[in-house]
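Note: the block below is final_34.cif and it holds mmCIF, C-alpha atoms.
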data_input
#
loop_
_atom_site.label_atom_id
_atom_site.label_comp_id
_atom_site.auth_asym_id
_atom_site.auth_seq_id
_atom_site.Cartn_x
_atom_site.Cartn_y
_atom_site.Cartn_z
CA MET M 19 0.00 0.00 0.00
CA LYS M 20 1.46 3.35 -1.09
CA ILE M 21 0.34 6.30 1.03
CA GLY M 22 0.80 9.94 0.12
CA ILE M 23 0.64 12.61 2.83
CA ARG M 24 0.03 16.28 2.17
CA ALA M 25 0.45 18.33 5.33
CA ILE M 26 1.92 21.65 6.40
CA GLY M 27 2.40 23.57 9.63
CA LEU M 28 1.35 22.16 12.99
CA ARG M 29 -0.63 19.35 11.37
CA SER M 30 2.48 18.15 9.56
CA GLN M 31 4.58 18.35 12.72
CA SER M 32 1.97 16.48 14.76
CA TRP M 33 1.60 13.75 12.12
CA LYS M 34 5.35 13.23 11.79
CA ASP M 35 5.76 13.08 15.57
CA LYS M 36 3.45 10.06 15.56
CA TYR M 37 4.22 8.37 12.23
CA LYS M 38 7.83 9.24 11.41
CA SER M 39 8.96 5.60 11.19
CA TYR M 40 6.36 4.23 8.72
CA PRO M 41 8.11 3.29 5.44
CA ALA M 42 5.00 3.30 3.23
CA LEU M 43 4.42 7.02 3.80
CA SER M 44 5.55 9.54 1.20
CA TYR M 45 5.28 13.28 1.86
CA VAL M 46 4.20 15.62 -0.93
CA GLN M 47 3.26 19.29 -1.15
CA ASP M 48 1.19 19.21 -4.34
CA THR M 49 -2.39 18.15 -5.04
CA THR M 50 -1.68 16.54 -8.41
CA SER M 51 0.42 13.44 -7.65
CA HIS M 52 -2.43 11.52 -5.99
CA ASN M 53 -2.64 9.07 -8.90
CA GLU M 54 0.66 7.59 -7.70
CA PHE M 55 -0.84 6.41 -4.40
CA ASP M 56 -3.36 3.90 -3.13
CA VAL M 57 -4.28 6.29 -0.31
CA PHE M 58 -3.84 10.06 -0.39
CA ILE M 59 -4.18 11.85 2.96
CA ASP M 60 -4.58 15.63 2.81
CA LEU M 61 -4.50 16.85 6.40
CA ASN M 62 -4.85 20.52 5.38
CA TRP M 63 -7.62 20.02 2.82
CA ASP M 64 -10.20 22.02 4.75
CA GLU M 65 -8.04 25.15 4.47
CA ASN M 66 -8.23 24.86 0.67
CA PRO M 67 -11.46 22.96 -0.05
CA GLU M 68 -11.33 24.05 -3.68
CA ASN M 69 -8.64 21.36 -4.10
CA ILE M 70 -11.53 18.89 -4.30
CA ALA M 71 -11.49 19.70 -8.02
CA ASP M 72 -8.00 18.15 -8.29
CA TYR M 73 -9.19 14.93 -6.66
CA ALA M 74 -12.66 14.45 -8.10
CA GLY M 75 -11.65 12.63 -11.27
CA ASN M 76 -9.63 9.90 -9.55
CA LYS M 77 -11.76 6.87 -8.64
CA ASN M 78 -8.84 4.56 -7.90
CA THR M 79 -7.25 6.34 -4.94
CA LEU M 80 -8.80 6.49 -1.48
CA PHE M 81 -8.80 10.15 -0.38
CA VAL M 82 -8.67 10.82 3.36
CA LEU M 83 -9.33 14.52 3.85
CA GLY M 84 -9.02 16.67 6.94
CA SER M 85 -12.54 18.10 6.96
CA ASN M 86 -12.95 20.03 10.20
CA LEU M 87 -13.84 23.40 8.66
CA THR M 88 -16.12 22.29 5.84
CA THR M 89 -17.76 19.14 4.55
CA ILE M 90 -16.78 17.19 1.47
CA GLU M 91 -20.34 17.43 0.14
CA GLU M 92 -20.37 21.22 0.47
CA ALA M 93 -16.99 21.51 -1.25
CA LEU M 94 -18.23 19.45 -4.21
CA LYS M 95 -21.39 21.54 -4.38
CA SER M 96 -19.44 24.82 -4.28
CA ALA M 97 -17.18 23.59 -7.08
CA HIS M 98 -20.22 22.43 -9.11
CA ILE M 99 -18.81 18.90 -9.21
CA PRO M 100 -21.33 16.03 -8.97
CA TYR M 101 -20.33 13.06 -6.86
CA ASP M 102 -19.44 10.23 -9.23
CA GLY M 103 -18.13 7.29 -7.22
CA GLN M 104 -14.91 8.75 -5.86
CA LYS M 105 -13.65 7.37 -2.56
CA PHE M 106 -13.74 10.24 -0.06
CA ILE M 107 -13.51 9.91 3.72
CA GLY M 108 -13.26 12.87 6.07
CA ILE M 109 -11.21 12.81 9.26
CA ASN M 110 -10.54 15.05 12.24
CA SER M 111 -7.04 16.30 11.45
CA PHE M 112 -6.47 18.70 14.35
CA PRO M 113 -2.84 18.76 15.52
CA TYR M 114 -2.28 16.63 18.63
CA LEU M 115 -5.67 14.91 18.20
CA ILE M 116 -4.41 13.17 15.06
CA GLU M 117 -1.84 11.45 17.27
CA ARG M 118 -4.48 9.61 19.31
CA ASN M 119 -5.13 5.91 18.88
CA THR M 120 -8.78 6.67 18.16
CA TRP M 121 -9.70 8.58 15.03
CA GLU M 122 -12.89 10.46 14.24
CA ALA M 123 -14.12 10.06 10.67
CA CYS M 124 -17.14 10.50 8.42
CA ASN M 125 -18.18 8.58 5.33
CA PRO M 126 -20.55 10.95 3.49
CA PHE M 127 -21.06 8.71 0.45
CA ASP M 128 -21.19 5.35 2.27
CA ILE M 129 -18.19 3.88 0.48
CA ASP M 130 -16.74 0.50 1.41
CA THR M 131 -14.48 1.12 4.42
CA GLN M 132 -12.47 -2.10 4.20
CA TYR M 133 -9.48 -0.37 2.59
CA PHE M 134 -9.68 2.47 5.10
CA GLN M 135 -9.53 -0.14 7.86
CA THR M 136 -6.37 -1.51 6.25
CA LEU M 137 -4.91 1.98 6.56
CA LEU M 138 -5.92 2.19 10.23
CA ASP M 139 -4.36 -1.21 10.88
CA TYR M 140 -1.12 -0.13 9.22
CA LEU M 141 -1.00 3.04 11.33
CA GLN M 142 -1.89 1.02 14.45
CA ILE M 143 -5.06 3.01 15.12
CA GLU M 144 -7.03 1.05 17.70
CA SER M 145 -10.51 2.30 16.82
CA CYS M 146 -12.45 4.71 14.63
CA GLU M 147 -15.50 6.69 15.72
CA TRP M 148 -17.81 7.15 12.72
CA LEU M 149 -19.73 10.43 12.89
CA LYS M 150 -22.26 12.14 10.66
CA SER M 151 -20.76 14.46 8.08
CA ARG M 152 -21.00 18.01 9.40
CA VAL M 153 -18.75 20.96 10.14
CA GLY M 154 -16.29 19.94 12.83
CA PHE M 155 -15.96 16.67 14.70
CA PHE M 156 -17.02 15.92 18.26
CA THR M 157 -13.70 16.45 20.05
CA PRO M 158 -12.70 19.70 18.31
CA ARG M 159 -16.20 21.12 18.78
CA VAL M 160 -16.09 20.50 22.52
CA LEU M 161 -12.50 21.64 23.04
CA CYS M 162 -12.84 24.79 20.93
CA MET M 163 -16.00 25.71 22.81
CA ILE M 164 -14.14 25.25 26.12
CA ILE M 165 -11.23 27.35 24.84
CA ASN M 166 -13.66 30.09 23.82
CA GLU M 167 -15.33 30.09 27.25
CA ALA M 168 -11.91 30.21 28.90
CA TYR M 169 -11.10 33.34 26.91
CA TYR M 170 -14.33 34.91 28.13
CA THR M 171 -13.27 34.13 31.71
CA VAL M 172 -9.90 35.85 31.21
CA GLN M 173 -11.55 38.79 29.45
CA GLU M 174 -13.86 39.30 32.41
CA GLY M 175 -10.88 39.27 34.80
CA THR M 176 -12.15 36.24 36.72
CA ALA M 177 -8.94 34.18 36.42
CA SER M 178 -5.62 34.07 34.58
CA LYS M 179 -4.80 31.68 31.74
CA SER M 180 -2.44 29.64 33.92
CA ASP M 181 -5.00 29.39 36.74
CA ILE M 182 -7.67 28.19 34.31
CA ASP M 183 -5.32 25.56 32.85
CA VAL M 184 -4.50 24.23 36.32
CA ALA M 185 -8.15 24.24 37.43
CA MET M 186 -9.24 22.38 34.29
CA LYS M 187 -6.64 19.65 34.74
CA LEU M 188 -7.29 19.21 38.45
CA GLY M 189 -11.06 19.61 38.29
CA THR M 190 -11.90 17.56 35.20
CA ASN M 191 -8.79 15.38 34.80
CA TYR M 192 -8.22 16.76 31.29
CA PRO M 193 -4.64 16.10 30.07
CA LYS M 194 -4.28 19.77 29.08
CA GLY M 195 -5.88 23.04 30.04
CA PRO M 196 -7.82 25.16 27.51
CA PHE M 197 -4.92 27.46 26.70
CA GLU M 198 -2.49 24.56 26.48
CA PHE M 199 -4.85 22.94 23.96
CA CYS M 200 -5.04 26.26 22.10
CA ASP M 201 -1.24 26.35 21.81
CA LEU M 202 -1.18 22.77 20.51
CA PHE M 203 -3.89 23.44 17.91
CA GLY M 204 -2.74 26.93 17.00
CA ILE M 205 -5.02 29.90 17.66
CA GLU M 206 -5.64 30.34 13.92
CA LEU M 207 -7.21 26.90 13.63
CA VAL M 208 -9.24 27.38 16.83
CA TYR M 209 -10.57 30.68 15.48
CA LYS M 210 -11.42 29.17 12.07
CA GLN M 211 -13.12 26.16 13.67
CA LEU M 212 -15.28 28.35 15.91
CA GLU M 213 -16.16 30.62 12.99
CA ALA M 214 -17.09 27.63 10.82
CA LEU M 215 -19.23 26.16 13.60
CA TYR M 216 -20.99 29.47 14.24
CA GLN M 217 -21.71 30.06 10.55
CA ASP M 218 -23.03 26.51 10.24
CA SER M 219 -25.19 26.44 13.36
CA HIS M 220 -25.62 30.07 14.53
CA ASP M 221 -25.29 28.63 18.01
CA GLU M 222 -24.20 31.30 20.51
CA ARG M 223 -21.86 28.77 22.15
CA TYR M 224 -19.52 29.20 19.18
CA LYS M 225 -19.65 33.00 18.95
CA ILE M 226 -16.02 34.02 19.18
CA CYS M 227 -14.84 35.84 22.30
CA PRO M 228 -13.44 39.31 21.45
CA LEU M 229 -10.21 38.55 23.33
CA LEU M 230 -9.67 35.35 21.32
CA LYS M 231 -10.35 37.27 18.11
CA SER M 232 -7.89 39.98 19.13
CA GLU M 233 -5.13 37.44 19.79
CA TYR M 234 -5.91 35.66 16.52
CA LEU M 235 -5.58 38.93 14.57
CA LYS M 236 -2.21 39.57 16.19
CA HIS M 237 -0.95 36.18 14.92
CA SER M 238 -2.48 36.38 11.45
#
Go ahead and express the file in the form of structure tokens.
Amino acid sequence: MKIGIRAIGLRSQSWKDKYKSYPALSYVQDTTSHNEFDVFIDLNWDENPENIADYAGNKNTLFVLGSNLTTIEEALKSAHIPYDGQKFIGINSFPYLIERNTWEACNPFDIDTQYFQTLLDYLQIESCEWLKSRVGFFTPRVLCMIINEAYYTVQEGTASKSDIDVAMKLGTNYPKGPFEFCDLFGIELVYKQLEALYQDSHDERYKICPLLKSEYLKHS
């Protein structure tokens, strides 16, 4: 099985930290060499969903796309490309979370997942949680919402970032505090995930805290 990986930034670093010693993996930066692989994993696809046009004609390769910020169906619709039997699976590709032994995935077109399971076995992923195709996945939705609420708490002067991180770890037994998670994910991705969730649902829980937005703008 030949596996191509397209990844940049924190997602690339997180992936390589976990899978640096897997010989079947080849790292590419383009979106046109997918025909050379049995599986093509694009961890940063959701930042450039228009790249779906480069993949849509290939029915032989299994495409595993990081789809936290948008859905594969919506990307095809926006590009005016009808679904025609391609093998697309979406995964949660957040940095740090991609290193877990449980993946979150969606199968919007109900394709046969046997080959995807072969990939999971090769990568020694213990289990896969299959979720409905929608903006975001369960873990990023929850963690980004917690990060956003933590920013509101700092903005209101109730507690410092370090105090909130300590309280979260001691009080809920989370492995990281909200701001530690934010550093691992990158504030740009947290901001984009919250914005995507708010635009999709108009749920006030995802309305971005002004302090978080201010820090995001400083980094962008």
Please indicate the distance in Å from atom CA of Ser32 of chain M to atom CA of Pro113 of chain M, rounded to one decimal place.
->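 Distance between the two atoms: 5.4 Å.
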Evaluate the PyMOL selection byres ((chain M and resi 102) around 12) on the structure here and hand back the selected residues as a PyMOL selection string.
-> chain M and resi 73-77+91+94+99-101+103-106+127+129
Expected selection from the PyMOL selection byres ((chain M and resi 133) around 12), given as an MDAnalysis selection string | chainID M and resid 19 21 56:57 78:82 105:107 129:132 134:140
Extract, using all atoms listed in the file, all DNA, RNA and protein residues at most 12 Å from Glu222 of chain M, discarding same-chain residues fewer than 3 positions from it, and format them as number ranges by chain.
-> M: 163, 166-167, 212-213, 215-219, 225-227
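Non-sequential neighbours of Thr171 of chain M (distance at most 12 Å, separation of 4 or more positions within a chain, all atoms listed in the file) are Ile164, Ile165, Asn166, Glu167, Gly175, Thr176, Ala177, Ser178, Lys179, Ser180, Asp181, Ile182, Asp183, Pro196, Phe197, Cys227, Pro228, Leu229 and Leu230 of chain M.
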Between M:Leu202, M:Ile116, M:Ala25, M:Leu207, which one has atoms that come closest to His237 of chain M, using all atoms listed in the file?
-> M:Leu207
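For the set M:Ile205, M:Leu83, M:Ile59, M:Ala97, the residue with the smallest atom-to-atom gap to Ser232 of chain M is M:Ile205, counting all atoms listed in the file.
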